[in-house]
file start02.cif (mmCIF, C-alpha atoms)
data_upload
loop_
_atom_site.label_atom_id
_atom_site.label_comp_id
_atom_site.auth_asym_id
_atom_site.auth_seq_id
_atom_site.Cartn_x
_atom_site.Cartn_y
_atom_site.Cartn_z
CA MET A 797 -5.16 -17.22 -14.90
CA ILE A 798 -7.23 -19.97 -16.45
CA LYS A 799 -6.47 -21.24 -19.93
CA LEU A 800 -7.93 -19.02 -22.65
CA THR A 801 -7.92 -19.20 -26.41
CA VAL A 802 -6.46 -16.30 -28.35
CA GLU A 803 -9.95 -15.64 -29.68
CA GLN A 804 -11.31 -15.39 -26.13
CA VAL A 805 -8.52 -12.98 -25.17
CA ALA A 806 -9.33 -10.78 -28.16
CA ARG A 807 -13.03 -10.74 -27.30
CA LEU A 808 -12.41 -9.87 -23.66
CA ALA A 809 -9.86 -7.18 -24.55
CA GLY A 810 -11.88 -5.64 -27.34
CA GLY A 811 -9.34 -6.56 -30.01
CA VAL A 812 -8.98 -8.74 -33.08
CA ALA A 813 -7.25 -12.13 -33.11
CA PHE A 814 -4.79 -13.07 -35.84
CA GLY A 815 -3.99 -16.76 -35.49
CA GLU A 816 -5.14 -19.49 -33.14
CA GLY A 817 -3.72 -20.82 -29.90
CA GLU A 818 -4.07 -20.90 -26.12
CA VAL A 819 -2.49 -18.93 -23.29
CA VAL A 820 -2.21 -19.81 -19.60
CA SER A 821 -0.49 -16.77 -18.05
CA ILE A 822 0.20 -13.06 -18.56
CA ALA A 823 3.49 -11.17 -18.80
CA ILE A 824 4.22 -7.52 -19.51
CA ASP A 825 7.99 -7.97 -19.02
CA SER A 826 9.66 -10.04 -21.75
CA ARG A 827 12.15 -11.35 -19.18
CA LYS A 828 9.32 -12.92 -17.19
CA VAL A 829 7.68 -14.71 -20.09
CA ILE A 830 7.31 -18.46 -19.65
CA PRO A 831 6.03 -21.02 -22.16
CA GLY A 832 2.32 -20.41 -22.66
CA SER A 833 2.37 -16.72 -21.71
CA LEU A 834 0.40 -13.97 -23.39
CA TYR A 835 2.94 -11.18 -23.72
CA ILE A 836 1.29 -7.74 -23.60
CA ALA A 837 3.48 -5.06 -25.15
CA ILE A 838 2.94 -2.02 -22.92
CA LYS A 839 4.28 1.33 -24.07
CA GLY A 840 5.65 3.15 -21.02
CA GLN A 841 7.32 6.50 -20.46
CA ARG A 842 10.82 5.07 -20.90
CA LEU A 843 10.42 1.80 -22.77
CA ASP A 844 8.08 0.44 -25.42
CA GLY A 845 7.27 -3.23 -24.92
CA HIS A 846 6.81 -3.64 -28.65
CA ALA A 847 10.60 -3.53 -28.97
CA PHE A 848 10.84 -6.74 -26.93
CA ILE A 849 8.27 -8.87 -28.75
CA GLY A 850 11.03 -10.94 -30.37
CA GLU A 851 12.64 -11.64 -27.00
CA ALA A 852 9.26 -12.61 -25.53
CA CYS A 853 8.71 -15.10 -28.33
CA GLU A 854 12.15 -16.59 -27.80
CA HIS A 855 11.22 -17.16 -24.15
CA GLY A 856 8.11 -19.11 -25.12
CA ALA A 857 5.29 -16.60 -25.49
CA ALA A 858 2.24 -18.37 -26.93
CA ALA A 859 0.68 -15.13 -28.17
CA VAL A 860 1.26 -11.38 -28.22
CA MET A 861 -1.05 -8.42 -27.62
CA ALA A 862 0.08 -5.31 -29.49
CA HIS A 863 -1.16 -1.99 -30.83
CA SER A 864 1.57 -1.58 -33.45
CA ASP A 865 2.50 -3.69 -36.45
CA CYS A 866 4.70 -6.60 -35.47
CA GLU A 867 6.09 -9.68 -37.11
CA CYS A 868 6.31 -12.82 -35.01
CA ALA A 869 5.66 -16.53 -35.37
CA VAL A 870 2.90 -16.64 -32.73
CA PRO A 871 -0.73 -15.45 -32.80
CA VAL A 872 -1.32 -11.73 -32.26
CA VAL A 873 -4.19 -9.91 -30.56
CA ARG A 874 -4.35 -6.47 -32.13
CA VAL A 875 -5.84 -3.67 -30.01
CA ASP A 876 -6.00 0.11 -30.21
CA ASP A 877 -3.98 0.68 -27.02
CA THR A 878 -2.42 -2.14 -25.01
CA THR A 879 -2.57 -0.26 -21.67
CA LYS A 880 -6.29 0.40 -22.02
CA ALA A 881 -6.87 -3.08 -23.39
CA LEU A 882 -5.14 -4.66 -20.38
CA LEU A 883 -7.61 -2.98 -18.01
CA ARG A 884 -10.57 -3.85 -20.25
CA PHE A 885 -9.36 -7.45 -20.51
CA ALA A 886 -8.94 -7.75 -16.73
CA GLY A 887 -12.38 -6.27 -16.05
CA ALA A 888 -14.08 -8.69 -18.42
CA TYR A 889 -12.06 -11.58 -17.05
CA ARG A 890 -13.08 -10.64 -13.48
CA ASP A 891 -16.74 -11.06 -14.56
CA MET A 892 -16.08 -14.75 -15.14
CA PHE A 893 -15.66 -15.39 -11.39
CA SER A 894 -17.45 -14.54 -8.16
CA PRO A 895 -14.98 -14.05 -5.29
CA PHE A 896 -15.91 -11.62 -2.52
CA LEU A 897 -13.73 -8.75 -3.70
CA ILE A 898 -12.61 -6.01 -1.32
CA ALA A 899 -11.07 -2.89 -2.85
CA LEU A 900 -8.89 -0.67 -0.70
CA THR A 901 -7.47 2.83 -0.87
CA GLY A 902 -6.39 5.68 1.43
CA SER A 903 -3.60 8.19 1.92
CA VAL A 904 -1.54 6.01 4.27
CA GLY A 905 -1.82 2.49 5.63
CA LYS A 906 -3.13 0.93 2.42
CA THR A 907 -0.62 -1.86 2.15
CA SER A 908 -0.63 -2.86 5.81
CA THR A 909 -4.43 -2.85 5.88
CA LYS A 910 -4.48 -4.89 2.67
CA ASP A 911 -2.09 -7.45 4.13
CA MET A 912 -4.02 -7.66 7.40
CA THR A 913 -7.31 -8.07 5.53
CA TYR A 914 -5.75 -10.85 3.49
CA CYS A 915 -4.56 -12.56 6.68
CA ALA A 916 -8.03 -12.24 8.23
CA LEU A 917 -9.72 -13.86 5.22
CA ALA A 918 -7.04 -16.40 4.28
CA GLU A 919 -7.46 -18.08 7.64
CA SER A 920 -10.73 -19.64 6.43
CA ARG A 921 -10.91 -19.37 2.63
CA LYS A 922 -8.69 -19.24 -0.43
CA THR A 923 -7.76 -15.60 -0.85
CA ILE A 924 -5.54 -13.56 -3.14
CA LYS A 925 -4.22 -10.04 -2.59
CA THR A 926 -2.45 -7.36 -4.55
CA ASP A 927 1.17 -8.35 -5.05
CA GLY A 928 3.55 -5.81 -3.58
CA ASN A 929 2.62 -2.30 -4.68
CA LEU A 930 0.96 -3.22 -7.99
CA ASN A 931 -1.98 -0.90 -7.44
CA ASN A 932 -2.15 1.28 -10.55
CA HIS A 933 -3.77 0.97 -14.00
CA ILE A 934 -1.17 -1.62 -15.04
CA GLY A 935 -0.48 -3.47 -11.79
CA MET A 936 -4.08 -3.85 -10.61
CA PRO A 937 -5.29 -5.62 -13.79
CA LEU A 938 -2.49 -8.15 -13.41
CA ASN A 939 -3.86 -9.01 -9.98
CA LEU A 940 -7.40 -9.47 -11.32
CA LEU A 941 -6.00 -11.84 -13.93
CA ARG A 942 -4.84 -14.16 -11.12
CA LEU A 943 -8.44 -15.09 -10.35
CA ASP A 944 -9.76 -18.54 -11.07
CA GLU A 945 -12.72 -20.65 -9.99
CA THR A 946 -10.99 -21.69 -6.73
CA VAL A 947 -10.49 -18.14 -5.37
CA GLU A 948 -13.11 -17.27 -2.76
CA ALA A 949 -11.92 -13.79 -1.76
CA ALA A 950 -9.65 -11.09 -3.17
CA VAL A 951 -8.16 -7.98 -1.57
CA ILE A 952 -7.23 -5.43 -4.22
CA GLU A 953 -5.31 -2.23 -3.44
CA MET A 954 -5.97 0.88 -5.55
CA GLY A 955 -3.59 3.82 -5.69
CA MET A 956 -3.99 7.16 -7.39
CA SER A 957 -2.37 10.53 -7.97
CA ALA A 958 -5.16 12.26 -9.94
CA ARG A 959 -8.94 12.32 -10.33
CA GLY A 960 -10.43 9.56 -12.48
CA GLU A 961 -7.75 6.95 -11.79
CA ILE A 962 -9.58 5.02 -9.06
CA SER A 963 -12.80 5.31 -11.06
CA ARG A 964 -11.24 3.31 -13.89
CA LEU A 965 -9.76 0.73 -11.53
CA THR A 966 -12.92 0.10 -9.54
CA ARG A 967 -15.08 -0.21 -12.65
CA ALA A 968 -12.85 -3.08 -13.72
CA ALA A 969 -12.62 -4.71 -10.28
CA LYS A 970 -16.34 -4.37 -9.37
CA PRO A 971 -15.82 -4.72 -5.62
CA ASP A 972 -18.37 -6.12 -3.18
CA ALA A 973 -16.89 -3.91 -0.45
CA ALA A 974 -14.25 -1.20 -0.16
CA ILE A 975 -12.10 0.31 2.58
CA ILE A 976 -10.84 3.89 2.76
CA THR A 977 -8.21 4.08 5.50
CA ASN A 978 -7.88 7.88 5.84
CA ILE A 979 -7.55 11.16 3.95
CA GLY A 980 -4.13 12.75 4.39
CA ILE A 981 -2.13 15.08 2.18
CA SER A 982 -0.25 12.57 0.02
CA HIS A 983 -0.52 13.84 -3.59
CA ILE A 984 -1.88 17.18 -2.39
CA GLY A 985 0.61 18.86 -4.69
CA LEU A 986 -1.30 17.34 -7.62
CA LEU A 987 -4.86 17.53 -6.30
CA GLY A 988 -4.73 20.82 -4.41
CA SER A 989 -6.74 20.08 -1.25
CA ARG A 990 -7.81 17.30 1.10
CA ARG A 991 -11.38 17.75 -0.19
CA GLU A 992 -10.19 16.88 -3.68
CA ILE A 993 -8.22 13.92 -2.29
CA LEU A 994 -11.45 12.73 -0.60
CA ASN A 995 -13.35 13.10 -3.86
CA ALA A 996 -10.70 11.09 -5.69
CA LYS A 997 -10.75 8.31 -3.07
CA MET A 998 -14.56 8.19 -3.07
CA GLU A 999 -14.47 7.22 -6.72
CA ILE A 1000 -13.99 3.70 -5.37
CA VAL A 1001 -17.78 3.32 -5.01
CA GLU A 1002 -18.35 3.99 -8.72
CA GLY A 1003 -17.63 0.38 -9.66
CA MET A 1004 -19.09 -1.19 -6.52
CA LYS A 1005 -21.81 -3.78 -6.90
CA PRO A 1006 -25.34 -2.67 -5.88
CA GLY A 1007 -25.82 -3.22 -2.18
CA GLY A 1008 -22.08 -3.08 -1.54
CA THR A 1009 -20.45 -1.87 1.66
CA LEU A 1010 -18.10 1.08 2.08
CA ILE A 1011 -15.89 0.70 5.18
CA LEU A 1012 -14.53 3.97 6.54
CA ASN A 1013 -12.22 5.10 9.32
CA GLY A 1014 -14.77 6.93 11.43
CA ASP A 1015 -12.10 8.85 13.34
CA ASP A 1016 -10.79 10.55 10.20
CA ASP A 1017 -12.15 14.09 10.10
CA MET A 1018 -12.85 13.93 6.36
CA LEU A 1019 -14.40 10.45 6.30
CA SER A 1020 -16.57 10.88 9.40
CA GLY A 1021 -19.00 13.13 7.55
CA VAL A 1022 -19.32 11.17 4.32
CA ALA A 1023 -22.98 10.47 3.46
CA GLU A 1024 -24.09 7.08 2.17
CA PRO A 1025 -23.92 6.92 -1.63
CA GLU A 1026 -27.10 5.66 -3.25
CA GLY A 1027 -27.36 1.88 -3.00
CA ILE A 1028 -24.27 1.61 -0.77
CA ARG A 1029 -24.21 1.14 3.00
CA ILE A 1030 -21.44 2.62 5.14
CA ILE A 1031 -19.82 0.90 8.13
CA ARG A 1032 -17.37 2.89 10.23
CA TYR A 1033 -14.64 1.65 12.56
CA SER A 1034 -13.28 3.74 15.42
CA LEU A 1035 -10.90 3.91 18.35
CA LEU A 1036 -12.95 6.73 19.88
CA GLY A 1037 -16.02 4.59 20.51
CA GLU A 1038 -18.21 6.16 17.84
CA GLY A 1039 -18.09 3.53 15.10
CA ASP A 1040 -20.20 0.53 14.16
CA VAL A 1041 -17.09 -1.43 15.06
CA SER A 1042 -15.00 0.13 17.82
CA ALA A 1043 -11.95 -0.85 19.82
CA GLU A 1044 -10.17 -0.05 23.05
CA ILE A 1045 -6.41 -0.35 23.31
CA LEU A 1046 -5.67 -2.31 26.47
CA ARG A 1047 -1.89 -2.40 26.27
CA GLU A 1048 0.78 -1.14 23.83
CA GLY A 1049 4.23 -2.65 23.30
CA ASP A 1050 7.08 -1.91 20.90
CA ASN A 1051 5.95 -4.60 18.45
CA HIS A 1052 2.31 -5.20 19.30
CA SER A 1053 -0.89 -3.85 20.82
CA GLU A 1054 -3.56 -5.68 22.79
CA VAL A 1055 -7.03 -4.55 21.78
CA ARG A 1056 -10.65 -5.21 22.74
CA ILE A 1057 -13.04 -4.98 19.78
CA LYS A 1058 -16.70 -4.12 20.34
CA THR A 1059 -19.37 -4.98 17.79
CA ALA A 1060 -23.14 -5.38 17.80
CA SER A 1061 -22.66 -9.15 18.06
CA GLY A 1062 -20.15 -9.16 20.92
CA GLU A 1063 -16.69 -8.26 22.19
CA TYR A 1064 -13.41 -9.85 21.11
CA ASP A 1065 -9.80 -9.54 22.25
CA MET A 1066 -7.14 -9.24 19.55
CA VAL A 1067 -3.37 -8.90 19.49
CA VAL A 1068 -2.15 -6.65 16.68
CA PRO A 1069 1.34 -7.95 15.80
CA ALA A 1070 2.76 -4.52 14.87
CA GLY A 1071 3.48 -1.48 17.00
CA GLY A 1072 1.71 1.86 16.91
CA ARG A 1073 -1.84 3.16 17.12
CA HIS A 1074 -1.95 3.48 13.32
CA ASN A 1075 -1.54 -0.29 13.03
CA VAL A 1076 -4.46 -0.75 15.41
CA TYR A 1077 -6.54 1.27 12.93
CA ASN A 1078 -5.24 -0.91 10.10
CA ALA A 1079 -6.17 -4.08 11.99
CA LEU A 1080 -9.59 -2.72 12.91
CA GLY A 1081 -10.30 -1.93 9.26
CA ALA A 1082 -9.18 -5.43 8.30
CA PHE A 1083 -11.36 -7.04 10.97
CA THR A 1084 -14.37 -4.99 9.83
CA ALA A 1085 -13.82 -5.93 6.19
CA ALA A 1086 -13.46 -9.62 7.02
CA SER A 1087 -16.70 -9.46 9.02
CA VAL A 1088 -18.50 -7.83 6.09
CA ALA A 1089 -17.20 -10.67 3.91
CA GLY A 1090 -18.79 -13.18 6.29
CA ALA A 1091 -15.68 -14.40 8.10
CA ASP A 1092 -16.03 -15.72 11.63
CA PRO A 1093 -14.68 -13.04 14.02
CA LEU A 1094 -12.39 -15.42 15.90
CA SER A 1095 -11.03 -16.79 12.63
CA ALA A 1096 -10.34 -13.24 11.39
CA ILE A 1097 -8.55 -12.40 14.64
CA ARG A 1098 -6.36 -15.51 14.37
CA GLY A 1099 -5.48 -14.52 10.83
CA ILE A 1100 -4.57 -10.94 11.74
CA GLY A 1101 -2.30 -12.38 14.42
CA LYS A 1102 -0.21 -13.93 11.63
CA PHE A 1103 0.43 -10.58 9.92
CA ARG A 1104 4.05 -9.53 9.48
CA PRO A 1105 5.08 -6.08 8.13
CA ALA A 1106 6.33 -6.04 4.54
CA ALA A 1107 9.98 -5.28 3.85
CA MET A 1108 10.97 -1.71 4.75
CA ARG A 1109 7.50 -1.00 6.20
CA GLN A 1110 7.96 -0.25 9.89
CA SER A 1111 9.93 -3.39 10.61
CA VAL A 1112 11.26 -3.35 14.19
CA TYR A 1113 14.30 -5.40 15.17
CA GLU A 1114 17.35 -5.24 17.43
CA LYS A 1115 20.96 -5.20 16.24
CA GLY A 1116 23.98 -4.81 18.48
CA GLY A 1117 21.79 -3.63 21.33
CA VAL A 1118 20.16 -0.94 19.14
CA THR A 1119 16.41 -1.08 18.40
CA VAL A 1120 15.89 -0.30 14.70
CA ILE A 1121 12.62 0.90 13.20
CA GLU A 1122 13.01 0.45 9.44
CA ASP A 1123 10.28 2.34 7.58
CA CYS A 1124 11.78 3.36 4.25
CA TYR A 1125 9.14 2.32 1.75
CA ASN A 1126 7.27 5.61 1.64
CA ALA A 1127 6.51 8.71 3.67
CA ALA A 1128 3.82 11.33 4.11
CA PRO A 1129 3.12 13.67 7.02
CA ASP A 1130 0.58 11.30 8.58
CA SER A 1131 2.83 8.26 8.33
CA MET A 1132 5.73 10.34 9.69
CA SER A 1133 3.59 11.19 12.73
CA ALA A 1134 2.76 7.52 13.22
CA ALA A 1135 6.42 6.50 12.98
CA LEU A 1136 7.52 9.17 15.45
CA SER A 1137 4.78 8.05 17.82
CA LEU A 1138 6.13 4.50 17.63
CA LEU A 1139 9.68 5.78 18.27
CA SER A 1140 8.42 7.65 21.36
CA ARG A 1141 7.35 4.34 22.91
CA THR A 1142 10.39 2.32 21.84
CA GLY A 1143 13.44 1.51 23.94
CA GLY A 1144 14.66 2.96 27.21
CA GLY A 1145 17.68 4.92 26.02
CA ARG A 1146 18.23 7.68 23.48
CA ARG A 1147 15.77 8.04 20.63
CA VAL A 1148 17.30 8.93 17.25
CA ALA A 1149 15.17 9.94 14.24
CA VAL A 1150 16.83 9.68 10.81
CA LEU A 1151 14.62 11.46 8.29
CA SER A 1152 14.76 12.58 4.68
CA ASP A 1153 12.38 14.04 2.11
CA MET A 1154 8.66 13.42 1.65
CA VAL A 1155 7.65 13.79 -2.01
CA GLU A 1156 4.58 14.80 -4.08
CA LEU A 1157 3.51 17.50 -1.63
CA GLY A 1158 3.95 20.40 -4.05
CA ASP A 1159 3.67 23.86 -2.49
CA TYR A 1160 2.86 22.23 0.86
CA SER A 1161 6.32 20.66 1.10
CA PRO A 1162 8.11 23.27 3.26
CA ALA A 1163 5.22 23.53 5.73
CA ALA A 1164 4.76 19.76 5.87
CA HIS A 1165 8.43 19.11 6.61
CA GLU A 1166 8.45 21.90 9.20
CA ARG A 1167 5.43 20.31 10.91
CA VAL A 1168 7.19 16.96 11.12
CA GLY A 1169 10.27 18.71 12.52
CA ARG A 1170 8.11 20.19 15.30
CA GLU A 1171 6.68 16.76 16.11
CA ALA A 1172 10.19 15.26 16.20
CA ALA A 1173 11.25 17.88 18.75
CA SER A 1174 9.15 16.23 21.46
CA VAL A 1175 10.33 12.72 20.59
CA ALA A 1176 13.92 12.64 19.38
CA ASP A 1177 17.02 13.12 21.47
CA LEU A 1178 18.78 13.48 18.13
CA LEU A 1179 17.25 14.33 14.74
CA MET A 1180 19.61 13.44 11.88
CA ILE A 1181 18.46 14.67 8.46
CA TYR A 1182 19.51 15.11 4.87
CA GLY A 1183 17.76 16.00 1.62
CA ASN A 1184 16.16 18.96 -0.16
CA PHE A 1185 13.90 19.79 2.79
CA ALA A 1186 16.38 19.27 5.62
CA ALA A 1187 16.33 22.98 6.47
CA ASP A 1188 12.54 22.85 6.87
CA TYR A 1189 12.81 19.90 9.26
CA GLU A 1190 15.47 21.83 11.19
CA ARG A 1191 13.39 25.02 11.35
CA GLY A 1192 10.42 23.13 12.74
CA PHE A 1193 12.55 21.28 15.28
CA ASN A 1194 14.28 24.42 16.54
CA SER A 1195 11.01 26.37 16.79
CA VAL A 1196 9.87 24.24 19.74
CA ASP A 1197 10.72 25.65 23.16
CA GLY A 1198 11.93 22.97 25.53
CA ARG A 1199 12.68 20.60 22.66
CA ARG A 1200 13.93 17.23 23.75
CA GLY A 1201 17.25 17.08 21.91
CA MET A 1202 19.35 18.41 19.05
CA VAL A 1203 19.28 18.36 15.25
CA GLU A 1204 22.02 17.85 12.69
CA ILE A 1205 21.93 18.18 8.89
CA PHE A 1206 24.15 16.06 6.62
CA PRO A 1207 25.11 16.85 3.02
CA ASP A 1208 24.64 13.30 1.75
CA LYS A 1209 24.01 9.70 2.76
CA ALA A 1210 27.72 8.93 3.07
CA ALA A 1211 28.18 11.58 5.76
CA LEU A 1212 24.98 10.48 7.47
CA THR A 1213 26.13 6.86 7.46
CA GLN A 1214 29.49 7.68 9.01
CA ALA A 1215 27.87 9.80 11.70
CA LEU A 1216 25.44 7.02 12.61
CA LYS A 1217 28.29 4.53 12.93
CA GLU A 1218 30.02 6.89 15.33
CA THR A 1219 26.88 7.91 17.24
CA LEU A 1220 24.66 4.89 17.84
CA ARG A 1221 25.30 2.90 20.98
CA GLU A 1222 23.73 0.07 22.90
CA GLY A 1223 20.31 0.97 24.31
CA ASP A 1224 19.46 3.49 21.56
CA ALA A 1225 16.33 3.30 19.42
CA VAL A 1226 16.66 4.63 15.87
CA LEU A 1227 13.95 5.36 13.29
CA PHE A 1228 14.71 5.48 9.55
CA LYS A 1229 11.89 7.16 7.60
CA ALA A 1230 11.65 8.83 4.16
CA SER A 1231 9.92 8.54 0.81
CA ARG A 1232 10.95 5.63 -1.36
CA ALA A 1233 12.89 7.86 -3.78
CA GLN A 1234 15.42 8.66 -1.04
CA ARG A 1235 16.44 4.99 -0.71
CA LEU A 1236 17.20 5.39 2.97
CA GLU A 1237 17.58 1.64 3.28
CA GLU A 1238 21.02 2.07 1.72
CA VAL A 1239 22.12 3.83 4.91
CA ILE A 1240 20.73 1.00 7.04
CA GLU A 1241 22.57 -1.59 4.97
CA LYS A 1242 25.88 0.17 5.64
CA VAL A 1243 25.27 0.90 9.32
CA PHE A 1244 23.93 -2.60 9.98
CA PRO A 1245 25.50 -4.95 7.40
CA ALA A 1246 23.30 -7.77 6.14
CA GLU A 1247 25.21 -10.47 8.02
CA GLU A 1248 24.48 -8.60 11.24
CA ARG A 1249 20.78 -8.21 10.46
CA GLU A 1250 19.99 -11.86 9.74
#

call {"tool": "encode", "arguments": {"input": "start02.cif", "output": "structure tokens"}}
result
Amino acid sequence: MIKLTVEQVARLAGGVAFGEGEVVSIAIDSRKVIPGSLYIAIKGQRLDGHAFIGEACEHGAAAVMAHSDCECAVPVVRVDDTTKALLRFAGAYRDMFSPFLIALTGSVGKTSTKDMTYCALAESRKTIKTDGNLNNHIGMPLNLLRLDETVEAAVIEMGMSARGEISRLTRAAKPDAAIITNIGISHIGLLGSRREILNAKMEIVEGMKPGGTLILNGDDDMLSGVAEPEGIRIIRYSLLGEGDVSAEILREGDNHSEVRIKTASGEYDMVVPAGGRHNVYNALGAFTAASVAGADPLSAIRGIGKFRPAAMRQSVYEKGGVTVIEDCYNAAPDSMSAALSLLSRTGGGRRVAVLSDMVELGDYSPAAHERVGREAASVADLLMIYGNFAADYERGFNSVDGRRGMVEIFPDKAALTQALKETLREGDAVLFKASRAQRLEEVIEKVFPAEERE
């Protein structure tokens, strides 16, 4: 963030300044305040940041933004609601700069596509991206507030669980282009149908600049029929040869795919440094977005080649002769299918799938877990499961005639861990996949201690 006066902050946030001073950074966690920070007291579900204003000041806060009365020795920006003011502040701050901003959403693949798009653009220009998973109404504004006059491009991820959420985010970010990776059933328990999920994702165009570009996965059955919104052009990417940008997979390995991209301007060969067809889609979306942003195709391809999966997101490595696919950050039926597909092409020995619950699927949960169980039946020599929906996985697995292997349910992670220690042997490939709430990485840490994984 550039240096701002307290008066400027108040004007941008729609508040009133009490006192004078300057701020050079933002913090919403009092423990992360540094000298010169503007501390914004966010009221959350569990904690109220107003209770930590004193601690923030002790750590060097130069000013405070609050919506409740507070006594402190530094200037205060008083607003009606700090959460709403943060988004308003970030949106007004974004207007001060002119990076090529790409917004991104989708049911699965958002983060990998974001990271690949960043790699594609960062090869030739100064680029920022969403830190980690900060993609909601609090996290996204913090990313916008990292802009300054030197930033030439920004890749901003937008998440949602209800209608209206992406609308608010995109109106603050004002993207030049946007990517929608796919429409799955994540959050279907809250939204009710894939059509409603599509409608929620399409809100991303509501803040787009006139003449902007919407980049869609043309092979997704919901996105393939989307009509061009007024004033917005659509570009589709495809592995089936029907997109404006298409690709052919030449060769697939455990940790990479070799791809030939076809565009109106020519053909290009690219190595996607992550296994699985879903990662080819992610890379193709990133390449398309970089091209829309004006990046040289060869430069974008070099950048994508430097991509590395984020922690716990389909990281593939070998330990003690066992190939491990660690994919514990999140899970939905579509990402489960992608992970099982990767497992099916990994290793030459037994294939073991270690699965636990997918969340936020509402009434669809039993059917969704049963579907994944059926898919696992053609891939896994051994399906090892625990969690609230283990019986649904098992029912799906056992419903398949001629299933590849066997299934076993465990009462808890301790029992699962012990069984894995006794079961895994050299030559096996093992997939760990579940929603973040299940913390399946704790099993990995015990089966493959840190000193063995380094």

call {"tool": "atom_distance", "arguments": {"input": "start02.cif", "atom1": "CA of Cys853 in chain A", "atom2": "CA of His933 in chain A"}}
result
24.9 Å

call {"tool": "closest_residue", "arguments": {"input": "start02.cif", "among": "A:Lys799, A:Lys997, A:Arg1200, A:Arg1109", "to": "Ser1140 in chain A", "atoms": "all atoms listed in the file"}}
result
A:Arg1200

call {"tool": "atom_distance", "arguments": {"input": "start02.cif", "atom1": "CA of Tyr835 in chain A", "atom2": "CA of Phe885 in chain A"}}
result
13.2 Å

call {"tool": "resolve_selection", "arguments": {"input": "start02.cif", "expression": "the PyMOL selection byres ((chain A and resi 910-921) around 8)", "output": "mmCIF file with C-alpha atoms, in the frame of the given file"}}
result
data_model
loop_
_atom_site.group_PDB
_atom_site.id
_atom_site.type_symbol
_atom_site.label_atom_id
_atom_site.label_comp_id
_atom_site.auth_asym_id
_atom_site.auth_seq_id
_atom_site.Cartn_x
_atom_site.Cartn_y
_atom_site.Cartn_z
ATOM 1 C CA LEU A 900 -8.890 -0.670 -0.700
ATOM 2 C CA LYS A 906 -3.130 0.930 2.420
ATOM 3 C CA THR A 907 -0.620 -1.860 2.150
ATOM 4 C CA SER A 908 -0.630 -2.860 5.810
ATOM 5 C CA THR A 909 -4.430 -2.850 5.880
ATOM 6 C CA LYS A 922 -8.690 -19.240 -0.430
ATOM 7 C CA THR A 923 -7.760 -15.600 -0.850
ATOM 8 C CA ILE A 924 -5.540 -13.560 -3.140
ATOM 9 C CA LYS A 925 -4.220 -10.040 -2.590
ATOM 10 C CA THR A 926 -2.450 -7.360 -4.550
ATOM 11 C CA GLU A 948 -13.110 -17.270 -2.760
ATOM 12 C CA ALA A 949 -11.920 -13.790 -1.760
ATOM 13 C CA ALA A 950 -9.650 -11.090 -3.170
ATOM 14 C CA VAL A 951 -8.160 -7.980 -1.570
ATOM 15 C CA ILE A 952 -7.230 -5.430 -4.220
ATOM 16 C CA GLU A 953 -5.310 -2.230 -3.440
ATOM 17 C CA ASN A 1078 -5.240 -0.910 10.100
ATOM 18 C CA ALA A 1079 -6.170 -4.080 11.990
ATOM 19 C CA GLY A 1081 -10.300 -1.930 9.260
ATOM 20 C CA ALA A 1082 -9.180 -5.430 8.300
ATOM 21 C CA PHE A 1083 -11.360 -7.040 10.970
ATOM 22 C CA ALA A 1085 -13.820 -5.930 6.190
ATOM 23 C CA ALA A 1086 -13.460 -9.620 7.020
ATOM 24 C CA ALA A 1091 -15.680 -14.400 8.100
ATOM 25 C CA SER A 1095 -11.030 -16.790 12.630
ATOM 26 C CA ALA A 1096 -10.340 -13.240 11.390
ATOM 27 C CA ILE A 1097 -8.550 -12.400 14.640
ATOM 28 C CA ARG A 1098 -6.360 -15.510 14.370
ATOM 29 C CA GLY A 1099 -5.480 -14.520 10.830
ATOM 30 C CA ILE A 1100 -4.570 -10.940 11.740
ATOM 31 C CA LYS A 1102 -0.210 -13.930 11.630
ATOM 32 C CA PHE A 1103 0.430 -10.580 9.920
#

call {"tool": "residues_around", "arguments": {"input": "start02.cif", "residues": "Asp1188 in chain A", "least_positions_apart": "6", "cutoff": "12 Å", "atoms": "only C-alpha atoms", "output": "PDB file with C-alpha atoms, in the coordinates of the input"}}
result
ATOM      1  CA  LEU A1151      14.620  11.460   8.290  1.00  0.00           C
ATOM      2  CA  SER A1152      14.760  12.580   4.680  1.00  0.00           C
ATOM      3  CA  ASP A1153      12.380  14.040   2.110  1.00  0.00           C
ATOM      4  CA  MET A1154       8.660  13.420   1.650  1.00  0.00           C
ATOM      5  CA  TYR A1160       2.860  22.230   0.860  1.00  0.00           C
ATOM      6  CA  SER A1161       6.320  20.660   1.100  1.00  0.00           C
ATOM      7  CA  PRO A1162       8.110  23.270   3.260  1.00  0.00           C
ATOM      8  CA  ALA A1163       5.220  23.530   5.730  1.00  0.00           C
ATOM      9  CA  ALA A1164       4.760  19.760   5.870  1.00  0.00           C
ATOM     10  CA  HIS A1165       8.430  19.110   6.610  1.00  0.00           C
ATOM     11  CA  GLU A1166       8.450  21.900   9.200  1.00  0.00           C
ATOM     12  CA  ARG A1167       5.430  20.310  10.910  1.00  0.00           C
ATOM     13  CA  VAL A1168       7.190  16.960  11.120  1.00  0.00           C
ATOM     14  CA  GLY A1169      10.270  18.710  12.520  1.00  0.00           C
ATOM     15  CA  ARG A1170       8.110  20.190  15.300  1.00  0.00           C
ATOM     16  CA  ILE A1181      18.460  14.670   8.460  1.00  0.00           C
ATOM     17  CA  TYR A1182      19.510  15.110   4.870  1.00  0.00           C
ATOM     18  CA  ASN A1194      14.280  24.420  16.540  1.00  0.00           C
ATOM     19  CA  SER A1195      11.010  26.370  16.790  1.00  0.00           C
ATOM     20  CA  VAL A1203      19.280  18.360  15.250  1.00  0.00           C
ATOM     21  CA  ILE A1205      21.930  18.180   8.890  1.00  0.00           C
TER      22      ILE A1205
END
